[in-house]
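Shown here: work-v9.csv, CSV, C-alpha atoms.
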chain,number,residue,atom,x,y,z
Y,209,SER,CA,114.0,106.9,110.0
Y,210,ALA,CA,111.7,104.0,109.3
Y,211,GLU,CA,110.3,105.8,106.3
Y,212,LEU,CA,113.8,106.5,104.9
Y,213,TYR,CA,114.7,102.8,105.6
Y,214,GLU,CA,112.0,101.6,103.2
Y,215,LEU,CA,112.8,104.2,100.6
Y,216,ILE,CA,116.5,103.0,100.6
Y,217,ARG,CA,115.5,99.3,100.5
Y,218,LEU,CA,113.0,99.7,97.7
Y,219,ARG,CA,114.0,102.7,95.8
Y,220,ALA,CA,117.8,103.0,96.1
Y,221,SER,CA,120.9,101.3,94.8
Y,222,VAL,CA,124.2,101.1,96.8
Y,223,SER,CA,127.7,101.1,95.3
Y,224,PHE,CA,131.1,101.2,96.9
Y,225,SER,CA,133.8,103.5,95.4
Y,226,ASN,CA,136.6,105.7,96.8
Y,227,ARG,CA,136.3,104.0,100.2
Y,228,ASN,CA,132.7,105.3,100.5
Y,229,PHE,CA,129.2,103.9,100.0
Y,230,LYS,CA,127.2,105.9,97.4
Y,231,ILE,CA,123.4,105.7,97.7
Y,232,THR,CA,121.4,106.6,94.6
Y,233,PHE,CA,117.7,106.9,94.6
Y,234,THR,CA,115.7,106.9,91.3
Y,235,THR,CA,112.1,107.9,90.9
Y,236,THR,CA,109.7,109.5,88.4
Y,237,SER,CA,107.7,111.2,91.1
Y,238,ASN,CA,108.6,114.8,91.9
Y,239,SER,CA,106.9,114.6,95.3
Y,240,THR,CA,108.8,111.4,96.2
Y,241,ALA,CA,112.1,113.0,95.2
Y,242,ARG,CA,111.4,116.0,97.4
Y,243,ARG,CA,110.4,113.8,100.3
Y,244,ILE,CA,113.7,111.8,100.0
Y,245,VAL,CA,115.8,114.9,100.0
Y,246,TYR,CA,113.8,116.3,103.0
Y,247,LEU,CA,114.4,113.1,105.0
Y,248,LEU,CA,118.1,112.9,104.2
Y,249,LYS,CA,118.7,116.6,105.1
Y,250,LYS,CA,116.6,116.4,108.3
Y,251,LEU,CA,118.1,113.1,109.6
Y,252,TYR,CA,121.7,113.3,108.4
Y,253,ASP,CA,122.3,116.8,106.9
Y,254,VAL,CA,124.3,115.3,104.0
Y,255,LYS,CA,125.4,116.7,100.7
Y,256,ILE,CA,123.1,115.6,97.8
Y,257,GLU,CA,123.4,115.7,94.1
Y,258,LEU,CA,120.0,116.0,92.4
Y,259,LEU,CA,119.9,115.1,88.7
Y,260,GLN,CA,117.0,115.1,86.3
Y,261,LYS,CA,117.0,113.0,83.1
Y,262,GLN,CA,114.4,113.0,80.3
Y,263,GLN,CA,113.3,109.4,79.5
Y,264,VAL,CA,112.6,108.3,75.9
Y,265,ASN,CA,109.8,105.8,76.8
Y,266,LEU,CA,106.2,106.4,76.1
Y,267,ASN,CA,105.2,108.1,79.3
Y,268,LYS,CA,108.1,110.6,78.9
Y,269,LYS,CA,108.2,111.3,82.6
Y,270,PRO,CA,111.5,112.8,83.8
Y,271,LEU,CA,113.6,110.5,86.0
Y,272,TYR,CA,115.0,112.0,89.2
Y,273,LEU,CA,118.3,110.8,90.6
Y,274,ILE,CA,119.2,111.7,94.2
Y,275,VAL,CA,122.8,110.8,94.9
Y,276,VAL,CA,124.1,110.8,98.5
Y,277,ILE,CA,127.9,111.5,98.1
Y,278,GLU,CA,128.9,111.5,101.8
Y,279,LYS,CA,128.1,109.6,105.0
Y,280,GLY,CA,126.8,106.7,103.0
Y,281,ARG,CA,128.4,104.1,105.4
Y,282,THR,CA,127.0,106.0,108.5
Y,283,ILE,CA,123.5,106.1,107.0
Y,284,LEU,CA,123.5,102.4,106.1
Y,285,LYS,CA,124.9,101.3,109.5
Y,286,ASP,CA,122.4,103.5,111.3
Y,287,MET,CA,119.6,101.9,109.3
Y,288,ASP,CA,120.9,98.3,110.0
Y,289,LEU,CA,121.3,97.9,106.3
Y,290,LEU,CA,125.0,97.1,106.6
Y,291,LYS,CA,126.7,94.2,108.3
Y,292,ASP,CA,130.0,94.3,110.1
Y,293,ASP,CA,131.7,92.8,107.0
Y,294,LEU,CA,130.2,95.7,104.9
Y,295,SER,CA,127.8,93.5,103.0
Y,296,ILE,CA,124.2,94.5,102.7
Y,297,ASN,CA,121.9,93.2,105.5
Y,298,ASP,CA,118.9,91.3,104.2
Y,299,GLU,CA,117.3,90.9,107.6
Y,300,MET,CA,114.4,93.2,108.5
Y,301,PRO,CA,115.1,95.3,111.6
Y,302,LYS,CA,112.7,94.5,114.5
Y,303,LYS,CA,113.3,97.9,116.1
Y,304,PHE,CA,110.9,99.4,113.6
Y,305,LEU,CA,108.0,97.1,114.7
Y,306,GLN,CA,107.9,98.3,118.4
Y,307,LYS,CA,105.9,101.5,117.9
Y,308,GLU,CA,102.8,102.3,115.8
Y,309,CYS,CA,104.4,105.5,114.5
Y,310,CYS,CA,107.4,103.5,113.2
Y,311,LYS,CA,105.1,100.9,111.5
Y,312,ALA,CA,103.1,103.7,109.9
Y,313,SER,CA,106.4,105.3,108.7
Y,314,LEU,CA,107.5,101.9,107.2
Y,315,LEU,CA,104.3,101.6,105.2
Y,316,ARG,CA,104.5,105.2,104.1
Y,317,GLY,CA,108.0,104.8,102.9
Y,318,ALA,CA,107.2,101.6,101.1
Y,319,PHE,CA,104.2,103.1,99.4
Y,320,LEU,CA,106.2,106.2,98.3
Y,321,ALA,CA,108.9,103.9,97.0
Y,322,LYS,CA,106.9,101.4,95.0
Y,323,GLY,CA,103.2,101.8,95.7
Y,324,SER,CA,100.2,102.7,93.6
Y,325,ILE,CA,96.5,103.1,93.9
Y,326,ASN,CA,93.7,102.9,91.4
Y,327,SER,CA,91.3,105.8,90.9
Y,328,PRO,CA,88.2,105.2,92.9
Y,329,LEU,CA,86.2,105.9,89.7
Y,330,SER,CA,87.7,102.8,88.1
Y,331,ASN,CA,85.8,99.5,88.0
Y,332,LYS,CA,87.9,98.0,90.8
Y,333,TYR,CA,89.5,99.3,94.0
Y,334,HIS,CA,93.1,98.3,94.2
Y,335,LEU,CA,96.2,99.4,96.2
Y,336,GLU,CA,99.5,97.7,95.8
Y,337,ILE,CA,103.2,97.8,97.0
Y,338,VAL,CA,105.9,96.0,95.0
Y,339,THR,CA,108.7,94.5,97.0
Y,340,ASN,CA,112.0,92.9,95.8
Y,341,THR,CA,111.9,89.7,97.9
Y,342,GLU,CA,109.5,87.4,99.7
Y,343,LYS,CA,111.2,88.4,103.0
Y,344,GLU,CA,110.4,92.1,102.4
Y,345,ALA,CA,106.8,91.3,101.4
Y,346,GLU,CA,106.2,89.2,104.6
Y,347,PHE,CA,107.7,92.0,106.7
Y,348,LEU,CA,105.2,94.6,105.4
Y,349,LYS,CA,102.3,92.1,105.2
Y,350,LYS,CA,102.8,91.4,108.9
Y,351,ILE,CA,102.1,95.1,109.7
Y,352,LEU,CA,99.1,95.2,107.4
Y,353,ASP,CA,97.7,92.0,109.0
Y,354,GLU,CA,98.1,93.5,112.5
Y,355,ILE,CA,95.9,96.5,111.5
Y,356,ARG,CA,93.4,94.2,109.8
Y,357,LEU,CA,93.7,95.5,106.3
Y,358,GLU,CA,93.4,92.0,104.7
Y,359,PRO,CA,96.5,92.2,102.5
Y,360,LYS,CA,97.3,89.5,99.9
Y,361,THR,CA,100.4,88.8,98.0
Y,362,ILE,CA,101.2,87.6,94.5
Y,363,ALA,CA,104.4,86.9,92.6
Y,364,ARG,CA,104.8,88.9,89.4
Y,365,PRO,CA,107.8,89.5,87.1
Y,366,LYS,CA,108.3,93.0,88.7
Y,367,GLY,CA,108.5,91.5,92.2
Y,368,ILE,CA,106.3,90.2,95.1
Y,369,VAL,CA,103.2,92.4,95.1
Y,370,ILE,CA,101.2,93.1,98.3
Y,371,TYR,CA,97.8,94.3,97.5
Y,372,ILE,CA,94.5,95.5,99.1
Y,373,LYS,CA,91.1,95.3,97.4
Y,374,LYS,CA,88.4,96.6,99.7
Y,375,ALA,CA,87.7,100.3,99.5
Y,376,GLU,CA,87.3,100.6,103.3
Y,377,ASN,CA,90.7,99.0,103.9
Y,378,ILE,CA,92.4,101.3,101.3
Y,379,ALA,CA,90.9,104.3,103.1
Y,380,ASP,CA,92.1,102.9,106.4
Y,381,PHE,CA,95.6,102.5,104.9
Y,382,LEU,CA,95.7,106.1,103.8
Y,383,LYS,CA,94.6,107.2,107.2
Y,384,TYR,CA,97.2,105.0,109.0
Y,385,VAL,CA,100.1,106.4,107.0
Y,386,GLY,CA,99.0,110.0,107.5
Y,387,ALA,CA,97.9,110.8,103.9
Y,388,SER,CA,95.0,113.0,105.0
Y,389,ASN,CA,94.6,114.9,101.7
Y,390,SER,CA,94.7,111.7,99.6
Y,391,LEU,CA,92.2,110.1,102.0
Y,392,PHE,CA,89.7,112.9,101.6
Y,393,ALA,CA,90.1,112.9,97.8
Y,394,PHE,CA,89.7,109.1,97.7
Y,395,GLU,CA,86.6,109.1,99.9
Y,396,ASP,CA,85.0,112.0,98.0
Y,397,LEU,CA,85.4,110.2,94.6
Y,398,ARG,CA,84.2,106.9,96.2
Y,399,ILE,CA,81.0,108.6,97.5
Y,400,LYS,CA,80.3,110.2,94.1
Y,401,LYS,CA,80.9,106.8,92.4
Y,402,ASP,CA,78.6,104.9,94.8
Y,403,LEU,CA,75.9,107.6,94.5
Y,404,ASN,CA,76.0,107.5,90.7
Y,405,ASN,CA,75.8,103.7,90.8
Y,406,TYR,CA,72.8,103.9,93.2
Y,407,VAL,CA,71.0,106.5,91.0
Y,408,ASN,CA,71.7,104.4,87.9
Y,409,ARG,CA,70.2,101.3,89.6
Y,410,ILE,CA,67.1,103.2,90.6
Y,411,MET,CA,66.6,104.6,87.0
Y,412,ASN,CA,67.1,101.1,85.5
Y,413,CYS,CA,64.6,99.7,87.9
Y,414,ASP,CA,62.1,102.5,87.1
Y,415,VAL,CA,62.6,101.9,83.3
Y,416,ALA,CA,62.1,98.2,83.7
Y,417,ASN,CA,58.9,98.7,85.7
Y,418,GLU,CA,57.5,101.1,83.1
Y,419,GLN,CA,58.3,98.6,80.3
Y,420,LYS,CA,56.4,95.9,82.3
Y,421,ALA,CA,53.4,98.2,82.7
Y,422,ILE,CA,53.4,99.1,79.0
Y,423,ALA,CA,53.6,95.5,78.0
Y,424,THR,CA,50.8,94.5,80.4
Y,425,ALA,CA,48.6,97.4,79.1
Y,426,ALA,CA,49.2,96.3,75.5
Y,427,LYS,CA,48.1,92.8,76.3
Since I need it in another form, could you write the structure as structure tokens?
Amino acid sequence: SAELYELIRLRASVSFSNRNFKITFTTTSNSTARRIVYLLKKLYDVKIELLQKQQVNLNKKPLYLIVVIEKGRTILKDMDLLKDDLSINDEMPKKFLQKECCKASLLRGAFLAKGSINSPLSNKYHLEIVTNTEKEAEFLKKILDEIRLEPKTIARPKGIVIYIKKAENIADFLKYVGASNSLFAFEDLRIKKDLNNYVNRIMNCDVANEQKAIATAAK
């Protein structure tokens, strides 16, 4: 439920119509859309409308809309996202901070909702999660601080960004949230990159030594 909580908070919009709360998720990731549907079906067994729209922007990725058309109020109340006066609750639930599995689920949901990671073959290692408010950012940053992943935050036009720079910390994040396949792929590429860099340094050093020897012999 902690994973779904973050997906609702960061990836969904809530509207009230016909005496019911309608929850609508939007994502361009097919795997994230499938995960949202799986969690909703497993936890609440609700009826869902799944729509796909073709975008006209440059990346042309299809936009998936997952619409929960029933039990919206029940879900929001159960997630502590709805106050007694039926307004949205901005406070972060402390119940999700009591167990390690819940903390991992929170981070997994946040990353699926608004997270990204650079390819290990790029010049810099970088993992980030975009949050809507400072309160949400501090909530997630507290968990990352507890597991010593050295997170930092920065305000950008798209929201408050939590980011991690060190390769070892990014690998630990993937391990903590249970992304085993992604962890293996990340580490494999990182090792290849580091090996290539090491070989290049050795070759450059050998070339430099040869050039010095040639210059000395010429003199």
message: Just want the 9 Å neighbourhood of Tyr213 (chain Y), counted on all atoms listed in the file, with same-chain residues fewer than 5 positions away dropped. Output as a PyMOL selection string.
response: chain Y and resi 218+284+287-289+314+317-318
Counting only C-alpha atoms, which residues of region 288-349 of chain Y sit at most 7 Å from some atom of region 379-386 of chain Y, and what is each one's closest atom pair with its distance in Å to one decimal, listed by chain and rising residue number, as a Markdown table?
| residue | atom | partner | partner_atom | distance |
| --- | --- | --- | --- | --- |
| Y:Ala312 | CA | Y:Val385 | CA | 5.0 |
| Y:Ser313 | CA | Y:Val385 | CA | 6.6 |
| Y:Leu315 | CA | Y:Val385 | CA | 6.6 |
| Y:Arg316 | CA | Y:Val385 | CA | 5.4 |
query: Counting all atoms listed in the file, what is within 8 Å of Gly367 (chain Y), bar same-chain residues fewer than 6 positions away, as an NGL selection string?
result: :Y and (338-341)
Can you write just those residues out, C-alpha atoms, as a tab-separated table (two decimals), in the coordinates of the input?
chain	number	residue	atom	x	y	z
Y	338	VAL	CA	105.90	96.00	95.00
Y	339	THR	CA	108.70	94.50	97.00
Y	340	ASN	CA	112.00	92.90	95.80
Y	341	THR	CA	111.90	89.70	97.90
Nearest-residue call for Met300 (chain Y), choices Y:Val275, Y:Leu248, Y:Leu348, Y:Ile325, using all atoms listed in the file: Y:Leu348
- prompt: If you measure from CA of Ile277 (chain Y) to CA of Glu344 (chain Y), what distance in Å do you get, rounded to one decimal?
  reply: 26.5 Å
message: With all atoms listed in the file as the counted atoms, please give the residues lying no more than 10 Å from Leu305 (chain Y), apart from itself and same-chain residues fewer than 2 positions off, as a ChimeraX atom specification.
response: /Y:210,300-303,307-312,314,347,350-351
- request: Using all atoms listed in the file, collect all residues at a distance of at most 12 Å from (125.4, 102.0, 105.3) as written in the file, then present them as a ChimeraX atom specification.
  value: /Y:213,216-217,220-224,228-231,276,278-297
task: Please indicate the distance in Å from CA of Ser237 (chain Y) to CA of Lys400 (chain Y), rounded to one decimal place.
output: 27.6 Å
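The list of residues with at least one atom within 6 Å of Leu335 (chain Y), based on all atoms listed in the file and without residues fewer than 4 positions apart in the same chain, reads Ser324, Ile325, Tyr371 and Ile372 of chain Y.
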- prompt: By how many Å are CA of Glu342 (chain Y) and CA of Arg364 (chain Y) apart?
  reply: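 About the pair CA of Glu342 (chain Y) and CA of Arg364 (chain Y): they are 11.4 Å apart.
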